[in-house]
>>> print(open('upload12.cif').read())   # mmCIF, C-alpha atoms
data_target
#
loop_
_atom_site.label_atom_id
_atom_site.label_comp_id
_atom_site.auth_asym_id
_atom_site.auth_seq_id
_atom_site.Cartn_x
_atom_site.Cartn_y
_atom_site.Cartn_z
CA VAL A 6 0.00 0.00 0.00
CA VAL A 7 1.43 3.36 -1.03
CA ASP A 8 0.09 6.71 0.19
CA LEU A 9 0.15 8.89 -2.91
CA ASP A 10 -0.57 12.04 -0.89
CA LEU A 11 2.63 11.41 1.04
CA VAL A 12 4.57 10.84 -2.20
CA ALA A 13 3.29 14.20 -3.46
CA GLU A 14 4.15 15.90 -0.16
CA ASN A 15 7.69 14.52 -0.22
CA TYR A 16 8.17 15.63 -3.82
CA ARG A 17 6.98 19.16 -3.06
CA THR A 18 9.11 19.36 0.10
CA LEU A 19 12.29 18.44 -1.76
CA SER A 20 11.42 20.75 -4.66
CA ARG A 21 10.98 23.66 -2.26
CA ALA A 22 14.22 22.81 -0.45
CA LEU A 23 16.23 22.55 -3.70
CA PRO A 24 14.52 25.04 -6.04
CA LEU A 25 17.51 25.24 -8.40
CA ALA A 26 17.64 21.48 -8.92
CA GLU A 27 15.44 19.56 -11.32
CA ILE A 28 14.00 16.46 -9.68
CA TYR A 29 14.60 13.25 -11.63
CA TYR A 30 12.78 10.57 -9.65
CA ALA A 31 14.81 7.34 -9.48
CA VAL A 32 12.27 4.97 -10.98
CA LYS A 33 13.97 1.86 -9.54
CA ALA A 34 12.82 2.93 -6.07
CA ASN A 35 9.23 2.12 -7.04
CA PRO A 36 8.07 1.90 -10.68
CA ALA A 37 4.35 1.64 -9.92
CA SER A 38 2.37 3.37 -12.65
CA GLU A 39 0.34 5.28 -10.04
CA ILE A 40 3.52 6.86 -8.67
CA LEU A 41 4.96 7.62 -12.09
CA GLY A 42 1.72 9.24 -13.24
CA LEU A 43 1.42 11.31 -10.06
CA LEU A 44 4.98 12.59 -10.24
CA ALA A 45 4.63 13.33 -13.95
CA ARG A 46 1.59 15.49 -13.21
CA LEU A 47 3.56 17.31 -10.48
CA GLY A 48 6.27 18.20 -13.00
CA SER A 49 8.94 15.67 -12.08
CA SER A 50 11.47 14.27 -14.52
CA PHE A 51 12.69 10.68 -14.24
CA ASP A 52 15.91 8.68 -14.02
CA ALA A 53 15.56 5.23 -15.59
CA ALA A 54 18.00 2.39 -14.93
CA SER A 55 16.69 0.05 -17.64
CA ILE A 56 14.83 0.13 -20.93
CA HIS A 57 11.83 -1.33 -19.10
CA GLU A 58 11.78 1.70 -16.77
CA VAL A 59 12.09 3.99 -19.80
CA GLU A 60 9.04 2.32 -21.33
CA ARG A 61 7.06 2.48 -18.06
CA CYS A 62 7.67 6.22 -17.90
CA LEU A 63 6.65 6.75 -21.52
CA GLU A 64 3.48 4.73 -20.91
CA ALA A 65 2.74 7.05 -17.96
CA GLY A 66 2.82 10.01 -20.33
CA VAL A 67 6.32 11.28 -19.54
CA ALA A 68 7.90 13.18 -22.44
CA PRO A 69 11.26 11.73 -23.53
CA GLU A 70 13.06 15.01 -22.85
CA ARG A 71 12.17 14.53 -19.16
CA LEU A 72 13.98 11.18 -19.03
CA SER A 73 17.58 10.28 -18.30
CA PHE A 74 18.99 6.79 -18.95
CA GLY A 75 21.07 6.82 -15.79
CA SER A 76 22.52 3.32 -15.64
CA THR A 77 26.20 3.19 -16.55
CA ILE A 78 25.92 -0.42 -17.78
CA LYS A 79 23.47 -0.69 -20.67
CA LYS A 80 23.00 -3.14 -23.51
CA ALA A 81 23.65 -1.66 -26.94
CA ARG A 82 20.16 -2.58 -28.11
CA ASP A 83 18.63 -0.82 -25.08
CA ILE A 84 20.60 2.35 -25.80
CA ALA A 85 19.36 2.21 -29.40
CA ALA A 86 15.76 1.64 -28.26
CA ALA A 87 15.90 4.54 -25.81
CA HIS A 88 17.37 6.81 -28.48
CA ALA A 89 14.61 5.77 -30.88
CA HIS A 90 12.08 6.74 -28.19
CA GLY A 91 13.62 10.23 -28.10
CA ILE A 92 15.85 9.91 -25.03
CA ARG A 93 18.91 12.12 -25.41
CA LEU A 94 20.55 12.09 -21.95
CA PHE A 95 22.77 9.10 -21.08
CA ALA A 96 25.16 8.21 -18.24
CA PHE A 97 28.49 6.40 -18.57
CA ASP A 98 31.62 5.68 -16.54
CA SER A 99 33.83 3.68 -18.92
CA ALA A 100 35.29 3.81 -22.44
CA GLY A 101 33.28 0.75 -23.46
CA GLU A 102 30.00 2.33 -22.44
CA LEU A 103 30.92 5.55 -24.20
CA ASP A 104 31.63 3.64 -27.43
CA LYS A 105 28.19 1.97 -27.23
CA ILE A 106 26.43 5.30 -26.77
CA ALA A 107 28.35 6.86 -29.66
CA ALA A 108 27.35 3.97 -31.91
CA GLU A 109 23.70 3.63 -30.85
CA ALA A 110 22.75 7.20 -29.83
CA PRO A 111 24.77 9.54 -32.07
CA GLY A 112 24.87 13.14 -30.89
CA ALA A 113 23.44 12.32 -27.46
CA MET A 114 24.21 14.34 -24.34
CA VAL A 115 26.39 12.28 -22.00
CA TYR A 116 27.45 12.69 -18.40
CA CYS A 117 30.20 10.80 -16.62
CA ARG A 118 29.72 9.32 -13.16
CA ILE A 119 32.65 9.80 -10.80
CA LEU A 120 33.53 7.46 -7.97
CA MET A 121 32.55 8.21 -4.38
CA GLU A 122 33.51 6.12 -1.37
CA GLY A 123 30.15 6.62 0.33
CA HIS A 124 31.45 7.19 3.86
CA GLY A 125 28.50 7.74 6.20
CA ALA A 126 25.99 5.87 4.02
CA ASP A 127 24.09 2.73 4.99
CA TRP A 128 24.81 1.38 1.49
CA PRO A 129 27.98 3.02 0.09
CA LEU A 130 27.76 1.75 -3.56
CA SER A 131 31.51 2.46 -3.83
CA ASP A 132 32.32 -0.84 -5.56
CA LYS A 133 29.56 -0.61 -8.16
CA PHE A 134 29.79 2.55 -10.26
CA GLY A 135 32.00 5.47 -11.17
CA CYS A 136 35.53 6.34 -12.29
CA ASP A 137 38.19 8.62 -10.83
CA VAL A 138 38.33 12.33 -11.62
CA GLU A 139 41.24 12.16 -14.09
CA MET A 140 39.61 9.33 -16.04
CA ALA A 141 36.29 11.20 -16.12
CA GLY A 142 38.00 14.20 -17.71
CA ASP A 143 39.70 12.04 -20.34
CA LEU A 144 36.45 10.21 -21.15
CA LEU A 145 34.47 13.43 -21.55
CA ILE A 146 37.11 14.74 -23.96
CA ASP A 147 36.81 11.44 -25.85
CA ALA A 148 33.03 11.92 -25.93
CA ALA A 149 33.48 15.12 -27.93
CA ARG A 150 35.80 13.33 -30.35
CA LEU A 151 33.14 10.65 -30.83
CA GLY A 152 30.53 13.22 -31.87
CA LEU A 153 28.67 13.20 -28.55
CA ASP A 154 27.81 16.22 -26.38
CA PRO A 155 29.97 16.07 -23.20
CA TYR A 156 27.26 17.47 -21.00
CA GLY A 157 28.16 17.00 -17.36
CA VAL A 158 29.21 14.98 -14.33
CA SER A 159 27.23 12.85 -11.89
CA PHE A 160 27.93 11.15 -8.59
CA HIS A 161 26.13 9.24 -5.85
CA VAL A 162 27.23 9.69 -2.25
CA GLY A 163 25.64 6.39 -1.17
CA ALA A 164 22.14 5.30 -0.24
CA GLN A 165 20.76 6.55 3.08
CA GLN A 166 23.62 9.07 3.35
CA ARG A 167 23.56 10.85 6.72
CA ASP A 168 26.77 12.88 6.36
CA ILE A 169 25.91 16.11 4.56
CA ASP A 170 29.61 16.88 4.05
CA GLN A 171 29.85 14.02 1.53
CA TRP A 172 28.08 16.22 -1.05
CA ASP A 173 30.72 18.90 -0.49
CA ILE A 174 33.49 16.37 -1.19
CA ALA A 175 31.69 15.13 -4.29
CA LEU A 176 31.09 18.62 -5.63
CA GLY A 177 34.74 19.49 -5.08
CA ARG A 178 35.73 16.55 -7.30
CA THR A 179 33.08 17.52 -9.83
CA ALA A 180 34.46 21.06 -10.03
CA MET A 181 37.90 19.57 -10.79
CA VAL A 182 36.44 17.80 -13.83
CA PHE A 183 34.76 21.03 -14.96
CA SER A 184 38.11 22.85 -14.69
CA ALA A 185 39.94 20.16 -16.64
CA LEU A 186 37.37 20.30 -19.44
CA ASN A 187 37.49 24.10 -19.53
CA ALA A 188 41.24 23.86 -20.02
CA ALA A 189 40.56 21.52 -22.95
CA GLY A 190 38.13 24.01 -24.49
CA ILE A 191 34.95 22.15 -23.49
CA GLU A 192 32.25 23.71 -21.33
CA LEU A 193 30.29 21.22 -19.23
CA LYS A 194 26.77 22.31 -18.41
CA MET A 195 25.24 19.98 -15.82
CA VAL A 196 25.89 18.52 -12.37
CA ASN A 197 23.85 15.51 -11.32
CA ILE A 198 24.03 15.30 -7.51
CA GLY A 199 22.37 11.88 -7.46
CA GLY A 200 20.23 10.67 -4.61
CA GLY A 201 21.13 9.33 -1.20
CA PHE A 202 18.77 11.57 0.77
CA PRO A 203 17.77 9.41 3.74
CA ALA A 204 14.26 8.29 4.53
CA ARG A 205 13.04 7.67 8.06
CA TYR A 206 12.75 4.02 9.03
CA ARG A 207 13.34 3.29 12.72
CA HIS A 208 15.45 6.37 13.42
CA ASP A 209 14.93 10.05 12.75
CA VAL A 210 16.91 11.69 9.97
CA ALA A 211 17.70 15.33 9.21
CA PRO A 212 14.99 17.13 7.20
CA PRO A 213 15.46 17.76 3.46
CA GLU A 214 16.15 21.43 4.16
CA ALA A 215 19.34 20.52 6.04
CA TYR A 216 20.68 18.58 3.08
CA ALA A 217 19.58 21.25 0.62
CA ASN A 218 21.33 24.02 2.56
CA GLY A 219 24.54 22.01 2.70
CA ILE A 220 24.39 21.15 -0.99
CA MET A 221 23.73 24.72 -2.12
CA ALA A 222 26.51 26.07 0.11
CA ALA A 223 28.87 23.54 -1.49
CA MET A 224 27.68 24.45 -5.00
CA THR A 225 28.44 28.12 -4.36
CA ARG A 226 31.79 27.27 -2.76
CA HIS A 227 32.96 25.22 -5.75
CA PHE A 228 31.23 26.97 -8.67
CA GLY A 229 30.86 30.56 -7.48
CA ASN A 230 28.15 32.56 -9.22
CA ARG A 231 28.29 30.44 -12.40
CA LEU A 232 26.17 27.55 -11.24
CA PRO A 233 25.62 24.79 -13.81
CA ARG A 234 22.31 23.08 -14.38
CA MET A 235 21.51 20.88 -11.38
CA ILE A 236 19.75 17.50 -11.37
CA ALA A 237 18.85 15.49 -8.25
CA GLU A 238 17.75 11.83 -8.29
CA PRO A 239 15.79 11.04 -5.12
CA GLY A 240 14.35 7.56 -4.78
CA ARG A 241 13.29 6.28 -1.40
#
>>> encode(input="upload12.cif", output="structure tokens")
Amino acid sequence: VVDLDLVAENYRTLSRALPLAEIYYAVKANPASEILGLLARLGSSFDAASIHEVERCLEAGVAPERLSFGSTIKKARDIAAAHAHGIRLFAFDSAGELDKIAAEAPGAMVYCRILMEGHGADWPLSDKFGCDVEMAGDLLIDAARLGLDPYGVSFHVGAQQRDIDQWDIALGRTAMVFSALNAAGIELKMVNIGGGFPARYRHDVAPPEAYANGIMAAMTRHFGNRLPRMIAEPGR
């Protein structure tokens, strides 16, 4: 049983707390059509981890430009199918994945996921996804050579992350990639701050406003008054 009023309340609360960030709901958290339809009506965008999630979102009436194919490990045929559906925003963290996107989704906007250790998270995710900062810079330069649009950087600080400072660390690394690309003559445009915002189970957690304030302070510290486009991917 899912309380849709509570889903809507949580969406609005996070949107108010992070007004400069576009909310891309992490569909894997719960792909129920009722939730997808509700969030679509509220103006949310969506992060899909599989072609099946892409199709569920499209069936719920979500426009393809409000979808990101956020998995960094995708089958070539799924990349091609998503591109045929109109999806233009794809994640990657390896040369092999970048080659697949270049072949199956020519001209797509791509963002590279950098590695985070996930200290302070209940589920760190540090062994699953991401590459180091230097590799991310090299791959984004390669993306331009392959005819793709090197669009931005993403990270995930770990699921159920309670340490707000982890976003500051991640954004510091992200700013390093932006600087490296600027030196190479490429302007990145987007930062995807991922999810990780904790939900209350048996213990209280800090409110969304606390995380939002910490994140925005870190954004200003590392990017000054030239803030890039921001995407957040809350799930639970």
>>> atom_distance(input="upload12.cif", atom1="CA of Ile174 (chain A)", atom2="CA of Asn197 (chain A)")
14.0 Å
>>> atom_distance(input="upload12.cif", atom1="CA of Leu144 (chain A)", atom2="CA of Glu70 (chain A)")
23.9 Å
>>> atom_distance(input="upload12.cif", atom1="CA of Thr225 (chain A)", atom2="CA of Phe202 (chain A)")
19.8 Å
>>> closest_residue(input="upload12.cif", among="A:Glu58, A:Gly201, A:Pro213, A:Ala113", to="Tyr16 (chain A)", atoms="all atoms listed in the file")
A:Pro213
>>> resolve_selection(input="upload12.cif", expression="the PyMOL selection byres ((chain A and resi 92) around 10)", output="list in words")
Val59, Ala68, Pro69, Glu70, Arg71, Leu72, Ser73, Phe74, Ile84, Ala85, Ala86, Ala87, His88, Ala89, His90, Gly91, Arg93, Leu94, Phe95, Ala110, Ala113 and Met114 of chain A
>>> build_atoms(input="upload12.cif", residues="region 11-22 of chain A", atoms="all heavy atoms", output="PDB file, in the frame of the given file")
ATOM      1  N   LEU A  11       1.317  11.265   0.405  1.00  0.00           N
ATOM      2  CA  LEU A  11       2.630  11.410   1.040  1.00  0.00           C
ATOM      3  C   LEU A  11       3.736  11.498  -0.007  1.00  0.00           C
ATOM      4  O   LEU A  11       4.696  12.266   0.147  1.00  0.00           O
ATOM      5  CB  LEU A  11       2.888  10.235   1.985  1.00  0.00           C
ATOM      6  CG  LEU A  11       4.154  10.316   2.846  1.00  0.00           C
ATOM      7  CD1 LEU A  11       4.172  11.598   3.664  1.00  0.00           C
ATOM      8  CD2 LEU A  11       4.253   9.108   3.751  1.00  0.00           C
ATOM      9  N   VAL A  12       3.606  10.731  -1.092  1.00  0.00           N
ATOM     10  CA  VAL A  12       4.570  10.840  -2.200  1.00  0.00           C
ATOM     11  C   VAL A  12       4.580  12.273  -2.732  1.00  0.00           C
ATOM     12  O   VAL A  12       5.646  12.871  -2.933  1.00  0.00           O
ATOM     13  CB  VAL A  12       4.223   9.846  -3.321  1.00  0.00           C
ATOM     14  CG1 VAL A  12       5.124  10.068  -4.534  1.00  0.00           C
ATOM     15  CG2 VAL A  12       4.342   8.406  -2.831  1.00  0.00           C
ATOM     16  N   ALA A  13       3.400  12.829  -2.947  1.00  0.00           N
ATOM     17  CA  ALA A  13       3.290  14.200  -3.460  1.00  0.00           C
ATOM     18  C   ALA A  13       3.890  15.198  -2.475  1.00  0.00           C
ATOM     19  O   ALA A  13       4.606  16.131  -2.872  1.00  0.00           O
ATOM     20  CB  ALA A  13       1.834  14.535  -3.749  1.00  0.00           C
ATOM     21  N   GLU A  14       3.608  14.990  -1.185  1.00  0.00           N
ATOM     22  CA  GLU A  14       4.150  15.900  -0.160  1.00  0.00           C
ATOM     23  C   GLU A  14       5.680  15.848  -0.145  1.00  0.00           C
ATOM     24  O   GLU A  14       6.346  16.879  -0.064  1.00  0.00           O
ATOM     25  CB  GLU A  14       3.590  15.512   1.207  1.00  0.00           C
ATOM     26  CG  GLU A  14       4.101  16.386   2.353  1.00  0.00           C
ATOM     27  CD  GLU A  14       3.600  15.894   3.701  1.00  0.00           C
ATOM     28  OE1 GLU A  14       2.556  15.212   3.746  1.00  0.00           O
ATOM     29  OE2 GLU A  14       4.277  16.190   4.705  1.00  0.00           O
ATOM     30  N   ASN A  15       6.229  14.653  -0.226  1.00  0.00           N
ATOM     31  CA  ASN A  15       7.690  14.520  -0.220  1.00  0.00           C
ATOM     32  C   ASN A  15       8.311  15.170  -1.448  1.00  0.00           C
ATOM     33  O   ASN A  15       9.372  15.798  -1.366  1.00  0.00           O
ATOM     34  CB  ASN A  15       8.083  13.044  -0.160  1.00  0.00           C
ATOM     35  CG  ASN A  15       7.823  12.436   1.209  1.00  0.00           C
ATOM     36  OD1 ASN A  15       7.696  13.151   2.191  1.00  0.00           O
ATOM     37  ND2 ASN A  15       7.748  11.121   1.263  1.00  0.00           N
ATOM     38  N   TYR A  16       7.673  15.000  -2.598  1.00  0.00           N
ATOM     39  CA  TYR A  16       8.170  15.630  -3.820  1.00  0.00           C
ATOM     40  C   TYR A  16       8.181  17.153  -3.676  1.00  0.00           C
ATOM     41  O   TYR A  16       9.177  17.827  -3.998  1.00  0.00           O
ATOM     42  CB  TYR A  16       7.325  15.222  -5.029  1.00  0.00           C
ATOM     43  CG  TYR A  16       7.684  15.969  -6.285  1.00  0.00           C
ATOM     44  CD1 TYR A  16       8.761  15.570  -7.073  1.00  0.00           C
ATOM     45  CD2 TYR A  16       6.968  17.101  -6.677  1.00  0.00           C
ATOM     46  CE1 TYR A  16       9.113  16.275  -8.219  1.00  0.00           C
ATOM     47  CE2 TYR A  16       7.310  17.814  -7.816  1.00  0.00           C
ATOM     48  CZ  TYR A  16       8.382  17.393  -8.580  1.00  0.00           C
ATOM     49  OH  TYR A  16       8.727  18.102  -9.711  1.00  0.00           O
ATOM     50  N   ARG A  17       7.076  17.706  -3.195  1.00  0.00           N
ATOM     51  CA  ARG A  17       6.980  19.160  -3.060  1.00  0.00           C
ATOM     52  C   ARG A  17       7.983  19.681  -2.031  1.00  0.00           C
ATOM     53  O   ARG A  17       8.574  20.751  -2.210  1.00  0.00           O
ATOM     54  CB  ARG A  17       5.554  19.554  -2.674  1.00  0.00           C
ATOM     55  CG  ARG A  17       4.523  19.292  -3.780  1.00  0.00           C
ATOM     56  CD  ARG A  17       3.176  19.881  -3.405  1.00  0.00           C
ATOM     57  NE  ARG A  17       2.176  19.642  -4.426  1.00  0.00           N
ATOM     58  CZ  ARG A  17       1.168  18.768  -4.304  1.00  0.00           C
ATOM     59  NH1 ARG A  17       1.029  18.044  -3.189  1.00  0.00           N
ATOM     60  NH2 ARG A  17       0.295  18.608  -5.284  1.00  0.00           N
ATOM     61  N   THR A  18       8.172  18.942  -0.943  1.00  0.00           N
ATOM     62  CA  THR A  18       9.110  19.360   0.100  1.00  0.00           C
ATOM     63  C   THR A  18      10.529  19.447  -0.459  1.00  0.00           C
ATOM     64  O   THR A  18      11.247  20.425  -0.242  1.00  0.00           O
ATOM     65  CB  THR A  18       9.080  18.388   1.284  1.00  0.00           C
ATOM     66  OG1 THR A  18       7.774  18.409   1.872  1.00  0.00           O
ATOM     67  CG2 THR A  18      10.113  18.768   2.339  1.00  0.00           C
ATOM     68  N   LEU A  19      10.944  18.425  -1.201  1.00  0.00           N
ATOM     69  CA  LEU A  19      12.290  18.440  -1.760  1.00  0.00           C
ATOM     70  C   LEU A  19      12.423  19.501  -2.841  1.00  0.00           C
ATOM     71  O   LEU A  19      13.472  20.167  -2.952  1.00  0.00           O
ATOM     72  CB  LEU A  19      12.639  17.061  -2.324  1.00  0.00           C
ATOM     73  CG  LEU A  19      14.099  16.865  -2.722  1.00  0.00           C
ATOM     74  CD1 LEU A  19      15.022  17.073  -1.523  1.00  0.00           C
ATOM     75  CD2 LEU A  19      14.315  15.477  -3.314  1.00  0.00           C
ATOM     76  N   SER A  20      11.382  19.706  -3.626  1.00  0.00           N
ATOM     77  CA  SER A  20      11.420  20.750  -4.660  1.00  0.00           C
ATOM     78  C   SER A  20      11.561  22.132  -4.047  1.00  0.00           C
ATOM     79  O   SER A  20      12.306  22.976  -4.564  1.00  0.00           O
ATOM     80  CB  SER A  20      10.152  20.692  -5.516  1.00  0.00           C
ATOM     81  OG  SER A  20      10.080  19.485  -6.240  1.00  0.00           O
ATOM     82  N   ARG A  21      10.858  22.360  -2.945  1.00  0.00           N
ATOM     83  CA  ARG A  21      10.980  23.660  -2.260  1.00  0.00           C
ATOM     84  C   ARG A  21      12.363  23.827  -1.656  1.00  0.00           C
ATOM     85  O   ARG A  21      12.942  24.914  -1.668  1.00  0.00           O
ATOM     86  CB  ARG A  21       9.916  23.789  -1.173  1.00  0.00           C
ATOM     87  CG  ARG A  21       8.519  24.081  -1.683  1.00  0.00           C
ATOM     88  CD  ARG A  21       7.605  24.526  -0.551  1.00  0.00           C
ATOM     89  NE  ARG A  21       7.474  23.490   0.462  1.00  0.00           N
ATOM     90  CZ  ARG A  21       6.506  22.568   0.477  1.00  0.00           C
ATOM     91  NH1 ARG A  21       5.587  22.561  -0.486  1.00  0.00           N
ATOM     92  NH2 ARG A  21       6.438  21.671   1.437  1.00  0.00           N
ATOM     93  N   ALA A  22      12.919  22.737  -1.106  1.00  0.00           N
ATOM     94  CA  ALA A  22      14.220  22.810  -0.450  1.00  0.00           C
ATOM     95  C   ALA A  22      15.349  23.022  -1.453  1.00  0.00           C
ATOM     96  O   ALA A  22      16.343  23.692  -1.140  1.00  0.00           O
ATOM     97  CB  ALA A  22      14.469  21.545   0.366  1.00  0.00           C
TER      98      ALA A  22
END
